[in-house]
Amino acid sequence: MIKTTTVTLNPALDKTMFFERDFLLGGVNRSHSALKAVGGKGINVSRVMKQYGVNALCTGFIGGINGNIVCELLDTLDIPYRFSRTKAETRINIKIKDAGSVMTEANEMGGPIRESELASFFKELEKDDSDLMVLSGSIPRGLPADTYARIVRKMKEKGKTVVVDCDGEALRLAVEEKPFLIKPNIHELGMYLGRLPADREETIAAIRRIWEEKGVRVLCTMGALGALYIGPEGLYAVPAASIDRIGNTVCAGDTFLAAFLLSYYGHFDPEESGDIARALEIASAAAAAKAEKEGTEIPTAEEMGRHLKGLHAEKLNW
């Protein structure tokens with residue numbers, strides 16, 4: 001596996017609360033249990049890679065007491081990090097799961113990040129010696145929408161392979177800089193297009209247009225409908241792996257991306273390096289195993305392996 005760095009501009013402390021009754025708006029709700037974990041999409045990618053034996057350096061912004069807790073949690077997980085300090089307190093994200101398994105999220109915006117702090121971050125980023133960089137998650141207040149685009153441009157100049165997983169204007173601007181791959185889910189793809197694709201055929205047409213016009217690989221996850229990939233190898237589809245019971249889908253998309261990259265670069269089997277179909281199968285299995293878990297813990301290789309049975313990605317005509 002090539003040396004990897006993840007960028008999380010807007011990390012978080014994630015607190016998930018579980019309720020035995022339906023959540024009552026405007027009333028008092030008492031949880032029967034709660035979990036606290038480090039959050040942020042890039043950090044999640046590093047957590048998945050760590051679970052499967054790869055150290056991916058976490059970078060981004062961190063601040064205040066919450067930021068210190070994030071670092072302590074990463075120390076506990078033995079995940080390396082090199083964050084840039086900000087005076088803004090690292091945000092807290094609240095996730096509420098009621099008796100009906102309905103998950104509600106309330107996420108702080110994060111920031112604001114000062115111009116001087118952004119300049120310091122870019123200075124630190126110039127020292128990065130990884131080969132693969134994964135830019136993932138939301139942009140905190142204070143940072144311009146083209147922040148990811150600027151990172152893509154600078155890192156490509158240094159010869160790095162850059163993957164982007166974000167949404168909205170940040171994604172649109174990043175695509176213009178032609179990263180190696182983008183990973184929108186179906187809703188994020190809809191934001192990029194200006195409307196949600198009506199079916200799989202419209203989704204295929206949309207990612208094909210991005211590939212043909214921009215030369216950017218697209219890995220699009222579609223929940224229960226599986227995922228699509230398009231790039232120089234062709235167009236591929238993989239179904240969603242079967243799930244016995246949905247636990248917590250938070251981090252499932254990040255798990256999909258991390259597992260895909262690990263497989264694509266031959267971490268699980270060097271002979272499968274560059275095998276898109278196999279990477280999609282492993283990614284789908286890992287995401288399903290994650291979705292079955294109640295908390296934010298990452299599935300083991302054995303749990304992922306159970307979902308691989310009978311899973312088959314196919315190459316489509318286009």
# chains A, B, ... in the order shown; residues from 1 in each chain; ligands from 1
$ closest_atom_pairs --of "range 99-212 of chain A" --to "range 18-34 of chain A" --cutoff "10 Å" --atoms "only C-alpha atoms" --output "tab-separated table"
residue	atom	partner	partner_atom	distance
A:Ala99	CA	A:Arg21	CA	4.8
A:Gly100	CA	A:Asp22	CA	6.4
A:Ser101	CA	A:Asp22	CA	8.8
A:Val102	CA	A:Asp22	CA	8.4
A:Met103	CA	A:Phe18	CA	9.3
A:Thr104	CA	A:Phe23	CA	9.4
$ write_last_selection --atoms "N, CA, C and O atoms" --output "mmCIF file, in the first residue's frame"
data_model
loop_
_atom_site.group_PDB
_atom_site.id
_atom_site.type_symbol
_atom_site.label_atom_id
_atom_site.label_comp_id
_atom_site.auth_asym_id
_atom_site.auth_seq_id
_atom_site.Cartn_x
_atom_site.Cartn_y
_atom_site.Cartn_z
ATOM 1 N N ALA A 99 -35.923 4.145 19.048
ATOM 2 C CA ALA A 99 -36.339 2.745 19.074
ATOM 3 C C ALA A 99 -36.676 2.202 17.697
ATOM 4 O O ALA A 99 -36.574 1.000 17.448
ATOM 5 N N GLY A 100 -37.075 3.083 16.798
ATOM 6 C CA GLY A 100 -37.408 2.665 15.444
ATOM 7 C C GLY A 100 -36.231 2.637 14.508
ATOM 8 O O GLY A 100 -36.392 2.541 13.289
ATOM 9 N N SER A 101 -35.016 2.748 15.084
ATOM 10 C CA SER A 101 -33.760 2.748 14.310
ATOM 11 C C SER A 101 -33.651 3.954 13.376
ATOM 12 O O SER A 101 -32.903 3.917 12.404
ATOM 13 N N VAL A 102 -34.407 5.021 13.680
ATOM 14 C CA VAL A 102 -34.283 6.257 12.918
ATOM 15 C C VAL A 102 -33.096 7.037 13.456
ATOM 16 O O VAL A 102 -33.016 7.313 14.656
ATOM 17 N N MET A 103 -32.157 7.375 12.574
ATOM 18 C CA MET A 103 -30.964 8.108 12.977
ATOM 19 C C MET A 103 -31.117 9.581 12.601
ATOM 20 O O MET A 103 -31.397 9.921 11.452
ATOM 21 N N THR A 104 -30.957 10.459 13.582
ATOM 22 C CA THR A 104 -31.003 11.900 13.372
ATOM 23 C C THR A 104 -29.653 12.487 13.760
ATOM 24 O O THR A 104 -29.099 12.137 14.801
#
$ residues_around --residues "range 37-42 of chain A" --least-positions-apart "3" --cutoff "8 Å" --atoms "only C-alpha atoms" --output "list in words"
Thr6, Val7, Thr8, Asn10, Pro11, Ala12, Leu13, Asp14, Lys15, Val45, Ser46, Cys58, Val70, Leu73, Leu74, Val134, Leu135, Ser136, Gly137, Cys251, Asp254 and Thr296 of chain A
$ write_last_selection --atoms "all heavy atoms" --output "short mmCIF file (atom, residue, chain, number, x, y, z; two decimals), in the first residue's frame"
data_model
loop_
_atom_site.label_atom_id
_atom_site.label_comp_id
_atom_site.auth_asym_id
_atom_site.auth_seq_id
_atom_site.Cartn_x
_atom_site.Cartn_y
_atom_site.Cartn_z
N THR A 6 -4.45 11.60 5.02
CA THR A 6 -5.83 12.07 4.90
C THR A 6 -5.91 13.51 5.39
O THR A 6 -5.19 13.90 6.33
CB THR A 6 -6.81 11.20 5.70
OG1 THR A 6 -6.50 11.27 7.10
CG2 THR A 6 -6.76 9.76 5.23
N VAL A 7 -6.77 14.29 4.75
CA VAL A 7 -6.98 15.69 5.14
C VAL A 7 -8.43 15.84 5.62
O VAL A 7 -9.37 15.58 4.87
CB VAL A 7 -6.72 16.65 3.97
CG1 VAL A 7 -7.06 18.09 4.37
CG2 VAL A 7 -5.27 16.55 3.51
N THR A 8 -8.58 16.24 6.87
CA THR A 8 -9.90 16.51 7.45
C THR A 8 -9.90 17.95 7.92
O THR A 8 -9.38 18.27 9.00
CB THR A 8 -10.21 15.57 8.63
OG1 THR A 8 -9.99 14.21 8.23
CG2 THR A 8 -11.65 15.73 9.10
N ASN A 10 -12.38 19.66 8.85
CA ASN A 10 -13.42 19.93 9.84
C ASN A 10 -13.67 18.69 10.71
O ASN A 10 -14.76 18.12 10.70
CB ASN A 10 -14.72 20.32 9.11
CG ASN A 10 -15.59 21.23 9.91
OD1 ASN A 10 -15.19 21.77 10.94
ND2 ASN A 10 -16.81 21.43 9.46
N PRO A 11 -12.66 18.27 11.49
CA PRO A 11 -12.84 17.09 12.33
C PRO A 11 -13.87 17.33 13.43
O PRO A 11 -14.33 18.46 13.62
CB PRO A 11 -11.45 16.85 12.92
CG PRO A 11 -10.81 18.19 12.90
CD PRO A 11 -11.34 18.88 11.68
N ALA A 12 -14.23 16.28 14.14
CA ALA A 12 -15.28 16.41 15.14
C ALA A 12 -15.14 15.34 16.21
O ALA A 12 -14.49 14.31 16.02
CB ALA A 12 -16.65 16.28 14.48
N LEU A 13 -15.77 15.62 17.33
CA LEU A 13 -16.08 14.59 18.31
C LEU A 13 -17.49 14.12 18.02
O LEU A 13 -18.42 14.93 18.01
CB LEU A 13 -15.98 15.15 19.73
CG LEU A 13 -14.62 15.21 20.38
CD1 LEU A 13 -14.73 15.82 21.77
CD2 LEU A 13 -14.00 13.82 20.48
N ASP A 14 -17.66 12.85 17.75
CA ASP A 14 -18.99 12.30 17.47
C ASP A 14 -19.55 11.66 18.73
O ASP A 14 -18.91 10.79 19.33
CB ASP A 14 -18.92 11.24 16.36
CG ASP A 14 -18.75 11.86 14.98
OD1 ASP A 14 -18.93 13.08 14.86
OD2 ASP A 14 -18.45 11.10 14.05
N LYS A 15 -20.75 12.09 19.12
CA LYS A 15 -21.44 11.46 20.24
C LYS A 15 -22.74 10.87 19.74
O LYS A 15 -23.60 11.58 19.22
CB LYS A 15 -21.73 12.47 21.36
CG LYS A 15 -22.32 11.82 22.61
CD LYS A 15 -22.33 12.77 23.78
CE LYS A 15 -22.81 12.03 25.05
NZ LYS A 15 -22.79 12.93 26.23
N VAL A 45 -11.45 7.61 7.24
CA VAL A 45 -10.66 6.84 6.25
C VAL A 45 -9.39 6.31 6.91
O VAL A 45 -9.02 5.14 6.73
CB VAL A 45 -10.33 7.71 5.02
CG1 VAL A 45 -9.30 7.02 4.13
CG2 VAL A 45 -11.60 8.01 4.23
N SER A 46 -8.73 7.15 7.71
CA SER A 46 -7.53 6.70 8.42
C SER A 46 -7.86 5.59 9.41
O SER A 46 -7.09 4.64 9.57
CB SER A 46 -6.88 7.88 9.16
OG SER A 46 -6.26 8.78 8.27
N CYS A 58 -3.18 11.53 9.67
CA CYS A 58 -4.30 12.48 9.72
C CYS A 58 -3.76 13.91 9.77
O CYS A 58 -2.91 14.23 10.61
CB CYS A 58 -5.16 12.25 10.96
SG CYS A 58 -6.01 10.68 11.02
N VAL A 70 -9.77 14.73 20.65
CA VAL A 70 -9.60 14.05 19.36
C VAL A 70 -8.20 13.44 19.27
O VAL A 70 -8.04 12.26 18.89
CB VAL A 70 -9.84 15.02 18.18
CG1 VAL A 70 -9.32 14.41 16.87
CG2 VAL A 70 -11.31 15.35 18.05
N LEU A 73 -7.88 10.43 21.54
CA LEU A 73 -8.56 9.25 20.98
C LEU A 73 -7.73 8.64 19.86
O LEU A 73 -7.65 7.41 19.73
CB LEU A 73 -9.95 9.63 20.48
CG LEU A 73 -10.98 9.96 21.56
CD1 LEU A 73 -12.24 10.55 20.93
CD2 LEU A 73 -11.32 8.73 22.37
N LEU A 74 -7.11 9.47 19.03
CA LEU A 74 -6.25 8.96 17.97
C LEU A 74 -5.02 8.27 18.55
O LEU A 74 -4.56 7.25 18.02
CB LEU A 74 -5.84 10.09 17.03
CG LEU A 74 -6.94 10.64 16.13
CD1 LEU A 74 -6.44 11.86 15.34
CD2 LEU A 74 -7.45 9.58 15.16
N VAL A 134 -5.99 11.82 0.55
CA VAL A 134 -7.44 11.74 0.52
C VAL A 134 -8.01 12.98 1.22
O VAL A 134 -7.79 13.17 2.42
CB VAL A 134 -7.96 10.46 1.21
CG1 VAL A 134 -9.49 10.41 1.13
CG2 VAL A 134 -7.35 9.23 0.57
N LEU A 135 -8.72 13.82 0.46
CA LEU A 135 -9.35 15.03 0.99
C LEU A 135 -10.82 14.71 1.20
O LEU A 135 -11.52 14.38 0.25
CB LEU A 135 -9.20 16.20 0.02
CG LEU A 135 -7.86 16.37 -0.69
CD1 LEU A 135 -7.91 17.57 -1.63
CD2 LEU A 135 -6.73 16.52 0.32
N SER A 136 -11.28 14.83 2.44
CA SER A 136 -12.62 14.33 2.70
C SER A 136 -13.35 15.13 3.77
O SER A 136 -12.78 15.48 4.80
CB SER A 136 -12.53 12.85 3.14
OG SER A 136 -13.77 12.22 3.13
N GLY A 137 -14.63 15.43 3.50
CA GLY A 137 -15.48 16.06 4.49
C GLY A 137 -15.83 17.50 4.20
O GLY A 137 -15.46 18.07 3.16
N CYS A 251 -20.33 6.59 8.68
CA CYS A 251 -18.98 6.12 8.34
C CYS A 251 -18.99 4.99 7.31
O CYS A 251 -17.93 4.54 6.89
CB CYS A 251 -18.20 5.70 9.59
SG CYS A 251 -16.46 5.33 9.34
N ASP A 254 -17.31 6.24 4.14
CA ASP A 254 -15.86 6.38 4.34
C ASP A 254 -15.20 5.01 4.35
O ASP A 254 -14.08 4.83 3.85
CB ASP A 254 -15.58 7.11 5.66
CG ASP A 254 -16.28 8.45 5.74
OD1 ASP A 254 -16.35 9.15 4.71
OD2 ASP A 254 -16.76 8.80 6.83
N THR A 296 -19.60 3.51 15.97
CA THR A 296 -18.74 3.96 14.88
C THR A 296 -17.51 3.08 14.72
O THR A 296 -16.60 3.43 13.98
CB THR A 296 -18.29 5.42 15.11
OG1 THR A 296 -17.57 5.51 16.36
CG2 THR A 296 -19.49 6.36 15.15
#
$ atom_distance --atom1 "CA of Val163 in chain A" --atom2 "CA of Ile62 in chain A"
21.6 Å
$ closest_residue --among "A:Asn44, A:Ala283, A:Tyr264, A:Glu271" --to "Cys220 in chain A" --atoms "only C-alpha atoms"
A:Ala283
$ residues_around --residues "Glu188 in chain A" --least-positions-apart "4" --cutoff "9 Å" --atoms "only C-alpha atoms" --output "PyMOL selection string"
chain A and resi 166-168+171+183-184+192-193+196
$ residues_around --residues "Asn55 in chain A" --least-positions-apart "5" --cutoff "8 Å" --atoms "only C-alpha atoms" --output "list in words"
Thr4, Ser46, Met49, Lys50, Ile79 and Pro80 of chain A
$ write_last_selection --atoms "all heavy atoms" --output "tab-separated table (two decimals), in the first residue's frame"
chain	number	residue	atom	x	y	z
A	4	THR	N	0.07	7.06	2.64
A	4	THR	CA	-1.19	7.80	2.52
A	4	THR	C	-1.33	8.85	3.61
A	4	THR	O	-0.99	8.61	4.78
A	4	THR	CB	-2.39	6.83	2.61
A	4	THR	OG1	-2.25	5.82	1.60
A	4	THR	CG2	-3.70	7.57	2.42
A	46	SER	N	-8.73	7.15	7.71
A	46	SER	CA	-7.53	6.70	8.42
A	46	SER	C	-7.86	5.59	9.41
A	46	SER	O	-7.09	4.64	9.57
A	46	SER	CB	-6.88	7.88	9.16
A	46	SER	OG	-6.26	8.78	8.27
A	49	MET	N	-8.31	2.36	7.45
A	49	MET	CA	-7.02	1.85	6.99
A	49	MET	C	-6.22	1.25	8.15
A	49	MET	O	-5.56	0.22	7.99
A	49	MET	CB	-6.25	2.97	6.29
A	49	MET	CG	-6.84	3.36	4.94
A	49	MET	SD	-5.77	4.45	3.98
A	49	MET	CE	-6.60	4.43	2.38
A	50	LYS	N	-6.30	1.89	9.31
A	50	LYS	CA	-5.61	1.36	10.49
A	50	LYS	C	-6.15	-0.01	10.86
A	50	LYS	O	-5.39	-0.93	11.18
A	50	LYS	CB	-5.77	2.32	11.66
A	50	LYS	CG	-5.08	1.85	12.95
A	50	LYS	CD	-3.57	1.83	12.77
A	50	LYS	CE	-2.87	1.38	14.04
A	50	LYS	NZ	-1.39	1.42	13.89
A	79	ILE	N	-3.13	5.93	15.78
A	79	ILE	CA	-3.20	6.51	14.44
A	79	ILE	C	-2.37	7.79	14.42
A	79	ILE	O	-2.57	8.68	15.25
A	79	ILE	CB	-4.66	6.83	14.05
A	79	ILE	CG1	-5.45	5.52	13.92
A	79	ILE	CG2	-4.72	7.61	12.75
A	79	ILE	CD1	-6.92	5.71	13.64
A	80	PRO	N	-1.42	7.91	13.50
A	80	PRO	CA	-0.56	9.10	13.47
A	80	PRO	C	-1.31	10.34	13.00
A	80	PRO	O	-2.26	10.25	12.21
A	80	PRO	CB	0.54	8.71	12.48
A	80	PRO	CG	-0.12	7.72	11.57
A	80	PRO	CD	-1.09	6.95	12.43
$ closest_residue --among "A:Arg141, A:Arg195, A:Lys309, A:Lys154" --to "Pro112 in chain A" --atoms "only C-alpha atoms"
A:Arg141
$ residues_around --residues "Arg245 in chain A" --least-positions-apart "4" --cutoff "10 Å" --atoms "only C-alpha atoms" --output "list in words"
Ala288, Ala291, Glu292, Lys293 and Glu294 of chain A
$ select_by_dssp --residues "range 181-316 of chain A" --states "alpha helix (DSSP H)" --output "JSON, numbers by chain"
{"A": [186, 187, 188, 189, 190, 191, 192, 193, 200, 201, 202, 203, 204, 205, 206, 207, 208, 209, 210, 211, 212, 213, 214, 252, 253, 254, 255, 256, 257, 258, 259, 260, 261, 262, 263, 264, 276, 277, 278, 279, 280, 281, 282, 283, 284, 285, 286, 287, 288, 289, 290, 291, 301, 302, 303, 304, 305, 306, 307, 308]}
$ residues_around --residues "range 108-110 of chain A" --least-positions-apart "2" --cutoff "10 Å" --atoms "only C-alpha atoms" --output "ChimeraX atom specification"
/A:9-12,61,88-94,105-106,112-113,138-142
$ closest_residue --among "A:Arg85, A:Tyr148, A:Asp165, A:Ala285" --to "Pro299 in chain A" --atoms "only C-alpha atoms"
A:Ala285
$ atom_distance --atom1 "CA of Ala258 in chain A" --atom2 "CA of Ala279 in chain A"
10.1 Å
$ residues_around --residues "Phe256 in chain A" --least-positions-apart "6" --cutoff "8 Å" --atoms "only C-alpha atoms" --output "PyMOL selection string"
chain A and resi 283-284+286-287
$ closest_residue --among "A:Phe180, A:Thr300, A:Ser84, A:Ile230" --to "Phe121 in chain A" --atoms "only C-alpha atoms"
A:Ser84
$ select_by_dssp --residues "range 13-128 of chain A" --states "strand (DSSP E)" --output "PyMOL selection string"
chain A and resi 13-18+33-39+56-62+84-85+91-97+103-107
$ atom_distance --atom1 "CA of Leu228 in chain A" --atom2 "CA of Lys3 in chain A"
25.8 Å
$ closest_residue --among "A:Glu281, A:Asp244, A:Glu115, A:Asp275" --to "Leu257 in chain A" --atoms "only C-alpha atoms"
A:Glu281
$ decode --residues "range 211-251 of chain A" --atoms "N, CA and C atoms" --output "PDB file, in the first residue's frame"
ATOM      1  N   TRP A 211     -16.495  11.801 -16.428  1.00  0.00           N
ATOM      2  CA  TRP A 211     -15.272  11.144 -16.885  1.00  0.00           C
ATOM      3  C   TRP A 211     -14.857  11.647 -18.271  1.00  0.00           C
ATOM      4  N   GLU A 212     -15.806  11.741 -19.188  1.00  0.00           N
ATOM      5  CA  GLU A 212     -15.480  12.126 -20.560  1.00  0.00           C
ATOM      6  C   GLU A 212     -15.105  13.601 -20.675  1.00  0.00           C
ATOM      7  N   GLU A 213     -15.751  14.458 -19.889  1.00  0.00           N
ATOM      8  CA  GLU A 213     -15.491  15.901 -19.998  1.00  0.00           C
ATOM      9  C   GLU A 213     -14.337  16.366 -19.111  1.00  0.00           C
ATOM     10  N   LYS A 214     -14.170  15.733 -17.951  1.00  0.00           N
ATOM     11  CA  LYS A 214     -13.167  16.201 -16.989  1.00  0.00           C
ATOM     12  C   LYS A 214     -11.980  15.250 -16.848  1.00  0.00           C
ATOM     13  N   GLY A 215     -12.140  14.010 -17.277  1.00  0.00           N
ATOM     14  CA  GLY A 215     -11.055  13.047 -17.123  1.00  0.00           C
ATOM     15  C   GLY A 215     -10.824  12.645 -15.676  1.00  0.00           C
ATOM     16  N   VAL A 216     -11.879  12.708 -14.858  1.00  0.00           N
ATOM     17  CA  VAL A 216     -11.799  12.369 -13.439  1.00  0.00           C
ATOM     18  C   VAL A 216     -12.564  11.073 -13.176  1.00  0.00           C
ATOM     19  N   ARG A 217     -11.909  10.115 -12.558  1.00  0.00           N
ATOM     20  CA  ARG A 217     -12.579   8.884 -12.171  1.00  0.00           C
ATOM     21  C   ARG A 217     -13.673   9.202 -11.157  1.00  0.00           C
ATOM     22  N   VAL A 218     -14.781   8.465 -11.234  1.00  0.00           N
ATOM     23  CA  VAL A 218     -15.892   8.671 -10.306  1.00  0.00           C
ATOM     24  C   VAL A 218     -16.260   7.351  -9.647  1.00  0.00           C
ATOM     25  N   LEU A 219     -16.333   7.368  -8.329  1.00  0.00           N
ATOM     26  CA  LEU A 219     -16.799   6.240  -7.537  1.00  0.00           C
ATOM     27  C   LEU A 219     -18.044   6.730  -6.801  1.00  0.00           C
ATOM     28  N   CYS A 220     -19.214   6.299  -7.242  1.00  0.00           N
ATOM     29  CA  CYS A 220     -20.481   6.806  -6.711  1.00  0.00           C
ATOM     30  C   CYS A 220     -21.195   5.719  -5.925  1.00  0.00           C
ATOM     31  N   THR A 221     -21.404   5.966  -4.624  1.00  0.00           N
ATOM     32  CA  THR A 221     -22.137   5.029  -3.792  1.00  0.00           C
ATOM     33  C   THR A 221     -23.616   5.407  -3.787  1.00  0.00           C
ATOM     34  N   MET A 222     -24.475   4.378  -3.795  1.00  0.00           N
ATOM     35  CA  MET A 222     -25.912   4.610  -3.926  1.00  0.00           C
ATOM     36  C   MET A 222     -26.717   3.871  -2.861  1.00  0.00           C
ATOM     37  N   GLY A 223     -26.122   3.658  -1.692  1.00  0.00           N
ATOM     38  CA  GLY A 223     -26.836   2.997  -0.607  1.00  0.00           C
ATOM     39  C   GLY A 223     -27.237   1.575  -0.969  1.00  0.00           C
ATOM     40  N   ALA A 224     -28.516   1.275  -0.815  1.00  0.00           N
ATOM     41  CA  ALA A 224     -29.020  -0.075  -1.065  1.00  0.00           C
ATOM     42  C   ALA A 224     -28.923  -0.479  -2.528  1.00  0.00           C
ATOM     43  N   LEU A 225     -28.690   0.493  -3.423  1.00  0.00           N
ATOM     44  CA  LEU A 225     -28.559   0.195  -4.854  1.00  0.00           C
ATOM     45  C   LEU A 225     -27.129  -0.145  -5.258  1.00  0.00           C
ATOM     46  N   GLY A 226     -26.214  -0.139  -4.305  1.00  0.00           N
ATOM     47  CA  GLY A 226     -24.841  -0.501  -4.615  1.00  0.00           C
ATOM     48  C   GLY A 226     -23.986   0.696  -4.992  1.00  0.00           C
ATOM     49  N   ALA A 227     -23.070   0.493  -5.929  1.00  0.00           N
ATOM     50  CA  ALA A 227     -22.138   1.557  -6.318  1.00  0.00           C
ATOM     51  C   ALA A 227     -21.734   1.411  -7.773  1.00  0.00           C
ATOM     52  N   LEU A 228     -21.277   2.520  -8.342  1.00  0.00           N
ATOM     53  CA  LEU A 228     -20.788   2.564  -9.717  1.00  0.00           C
ATOM     54  C   LEU A 228     -19.385   3.156  -9.736  1.00  0.00           C
ATOM     55  N   TYR A 229     -18.599   2.707 -10.690  1.00  0.00           N
ATOM     56  CA  TYR A 229     -17.264   3.278 -10.915  1.00  0.00           C
ATOM     57  C   TYR A 229     -17.086   3.488 -12.408  1.00  0.00           C
ATOM     58  N   ILE A 230     -16.450   4.607 -12.752  1.00  0.00           N
ATOM     59  CA  ILE A 230     -16.060   4.813 -14.146  1.00  0.00           C
ATOM     60  C   ILE A 230     -14.674   5.431 -14.185  1.00  0.00           C
ATOM     61  N   GLY A 231     -13.878   4.970 -15.129  1.00  0.00           N
ATOM     62  CA  GLY A 231     -12.520   5.449 -15.295  1.00  0.00           C
ATOM     63  C   GLY A 231     -11.918   4.831 -16.540  1.00  0.00           C
ATOM     64  N   PRO A 232     -10.608   4.895 -16.695  1.00  0.00           N
ATOM     65  CA  PRO A 232      -9.976   4.356 -17.911  1.00  0.00           C
ATOM     66  C   PRO A 232     -10.167   2.849 -18.071  1.00  0.00           C
ATOM     67  N   GLU A 233     -10.453   2.164 -16.958  1.00  0.00           N
ATOM     68  CA  GLU A 233     -10.665   0.712 -17.015  1.00  0.00           C
ATOM     69  C   GLU A 233     -12.051   0.363 -17.553  1.00  0.00           C
ATOM     70  N   GLY A 234     -12.970   1.350 -17.566  1.00  0.00           N
ATOM     71  CA  GLY A 234     -14.331   1.115 -18.028  1.00  0.00           C
ATOM     72  C   GLY A 234     -15.359   1.483 -16.964  1.00  0.00           C
ATOM     73  N   LEU A 235     -16.576   1.003 -17.167  1.00  0.00           N
ATOM     74  CA  LEU A 235     -17.701   1.256 -16.270  1.00  0.00           C
ATOM     75  C   LEU A 235     -18.024  -0.032 -15.505  1.00  0.00           C
ATOM     76  N   TYR A 236     -18.120   0.086 -14.184  1.00  0.00           N
ATOM     77  CA  TYR A 236     -18.363  -1.078 -13.340  1.00  0.00           C
ATOM     78  C   TYR A 236     -19.513  -0.797 -12.369  1.00  0.00           C
ATOM     79  N   ALA A 237     -20.196  -1.868 -11.980  1.00  0.00           N
ATOM     80  CA  ALA A 237     -21.257  -1.774 -10.988  1.00  0.00           C
ATOM     81  C   ALA A 237     -21.097  -2.906  -9.981  1.00  0.00           C
ATOM     82  N   VAL A 238     -21.419  -2.613  -8.723  1.00  0.00           N
ATOM     83  CA  VAL A 238     -21.410  -3.639  -7.688  1.00  0.00           C
ATOM     84  C   VAL A 238     -22.698  -3.486  -6.874  1.00  0.00           C
ATOM     85  N   PRO A 239     -23.365  -4.580  -6.550  1.00  0.00           N
ATOM     86  CA  PRO A 239     -24.571  -4.474  -5.705  1.00  0.00           C
ATOM     87  C   PRO A 239     -24.176  -4.200  -4.259  1.00  0.00           C
ATOM     88  N   ALA A 240     -25.132  -3.732  -3.482  1.00  0.00           N
ATOM     89  CA  ALA A 240     -24.902  -3.583  -2.049  1.00  0.00           C
ATOM     90  C   ALA A 240     -24.907  -4.977  -1.424  1.00  0.00           C
ATOM     91  N   ALA A 241     -23.947  -5.228  -0.566  1.00  0.00           N
ATOM     92  CA  ALA A 241     -23.919  -6.521   0.130  1.00  0.00           C
ATOM     93  C   ALA A 241     -25.121  -6.616   1.067  1.00  0.00           C
ATOM     94  N   SER A 242     -25.622  -7.806   1.247  1.00  0.00           N
ATOM     95  CA  SER A 242     -26.795  -7.993   2.102  1.00  0.00           C
ATOM     96  C   SER A 242     -26.457  -7.689   3.557  1.00  0.00           C
ATOM     97  N   ILE A 243     -27.426  -7.123   4.254  1.00  0.00           N
ATOM     98  CA  ILE A 243     -27.256  -6.750   5.656  1.00  0.00           C
ATOM     99  C   ILE A 243     -28.359  -7.409   6.472  1.00  0.00           C
ATOM    100  N   ASP A 244     -27.979  -8.073   7.573  1.00  0.00           N
ATOM    101  CA  ASP A 244     -28.969  -8.730   8.432  1.00  0.00           C
ATOM    102  C   ASP A 244     -29.815  -7.704   9.175  1.00  0.00           C
ATOM    103  N   ARG A 245     -29.136  -6.691   9.728  1.00  0.00           N
ATOM    104  CA  ARG A 245     -29.843  -5.659  10.474  1.00  0.00           C
ATOM    105  C   ARG A 245     -29.031  -4.378  10.438  1.00  0.00           C
ATOM    106  N   ILE A 246     -29.668  -3.258  10.095  1.00  0.00           N
ATOM    107  CA  ILE A 246     -28.956  -1.987  10.050  1.00  0.00           C
ATOM    108  C   ILE A 246     -28.708  -1.487  11.466  1.00  0.00           C
ATOM    109  N   GLY A 247     -27.444  -1.208  11.757  1.00  0.00           N
ATOM    110  CA  GLY A 247     -27.087  -0.663  13.059  1.00  0.00           C
ATOM    111  C   GLY A 247     -26.889   0.839  12.978  1.00  0.00           C
ATOM    112  N   ASN A 248     -25.779   1.248  12.369  1.00  0.00           N
ATOM    113  CA  ASN A 248     -25.433   2.664  12.259  1.00  0.00           C
ATOM    114  C   ASN A 248     -24.688   2.861  10.937  1.00  0.00           C
ATOM    115  N   THR A 249     -25.286   3.603  10.017  1.00  0.00           N
ATOM    116  CA  THR A 249     -24.674   3.776   8.690  1.00  0.00           C
ATOM    117  C   THR A 249     -23.635   4.889   8.658  1.00  0.00           C
ATOM    118  N   VAL A 250     -23.480   5.630   9.772  1.00  0.00           N
ATOM    119  CA  VAL A 250     -22.447   6.666   9.824  1.00  0.00           C
ATOM    120  C   VAL A 250     -21.088   6.032   9.574  1.00  0.00           C
ATOM    121  N   CYS A 251     -20.329   6.589   8.679  1.00  0.00           N
ATOM    122  CA  CYS A 251     -18.982   6.119   8.335  1.00  0.00           C
ATOM    123  C   CYS A 251     -18.986   4.986   7.315  1.00  0.00           C
TER     124      CYS A 251
END
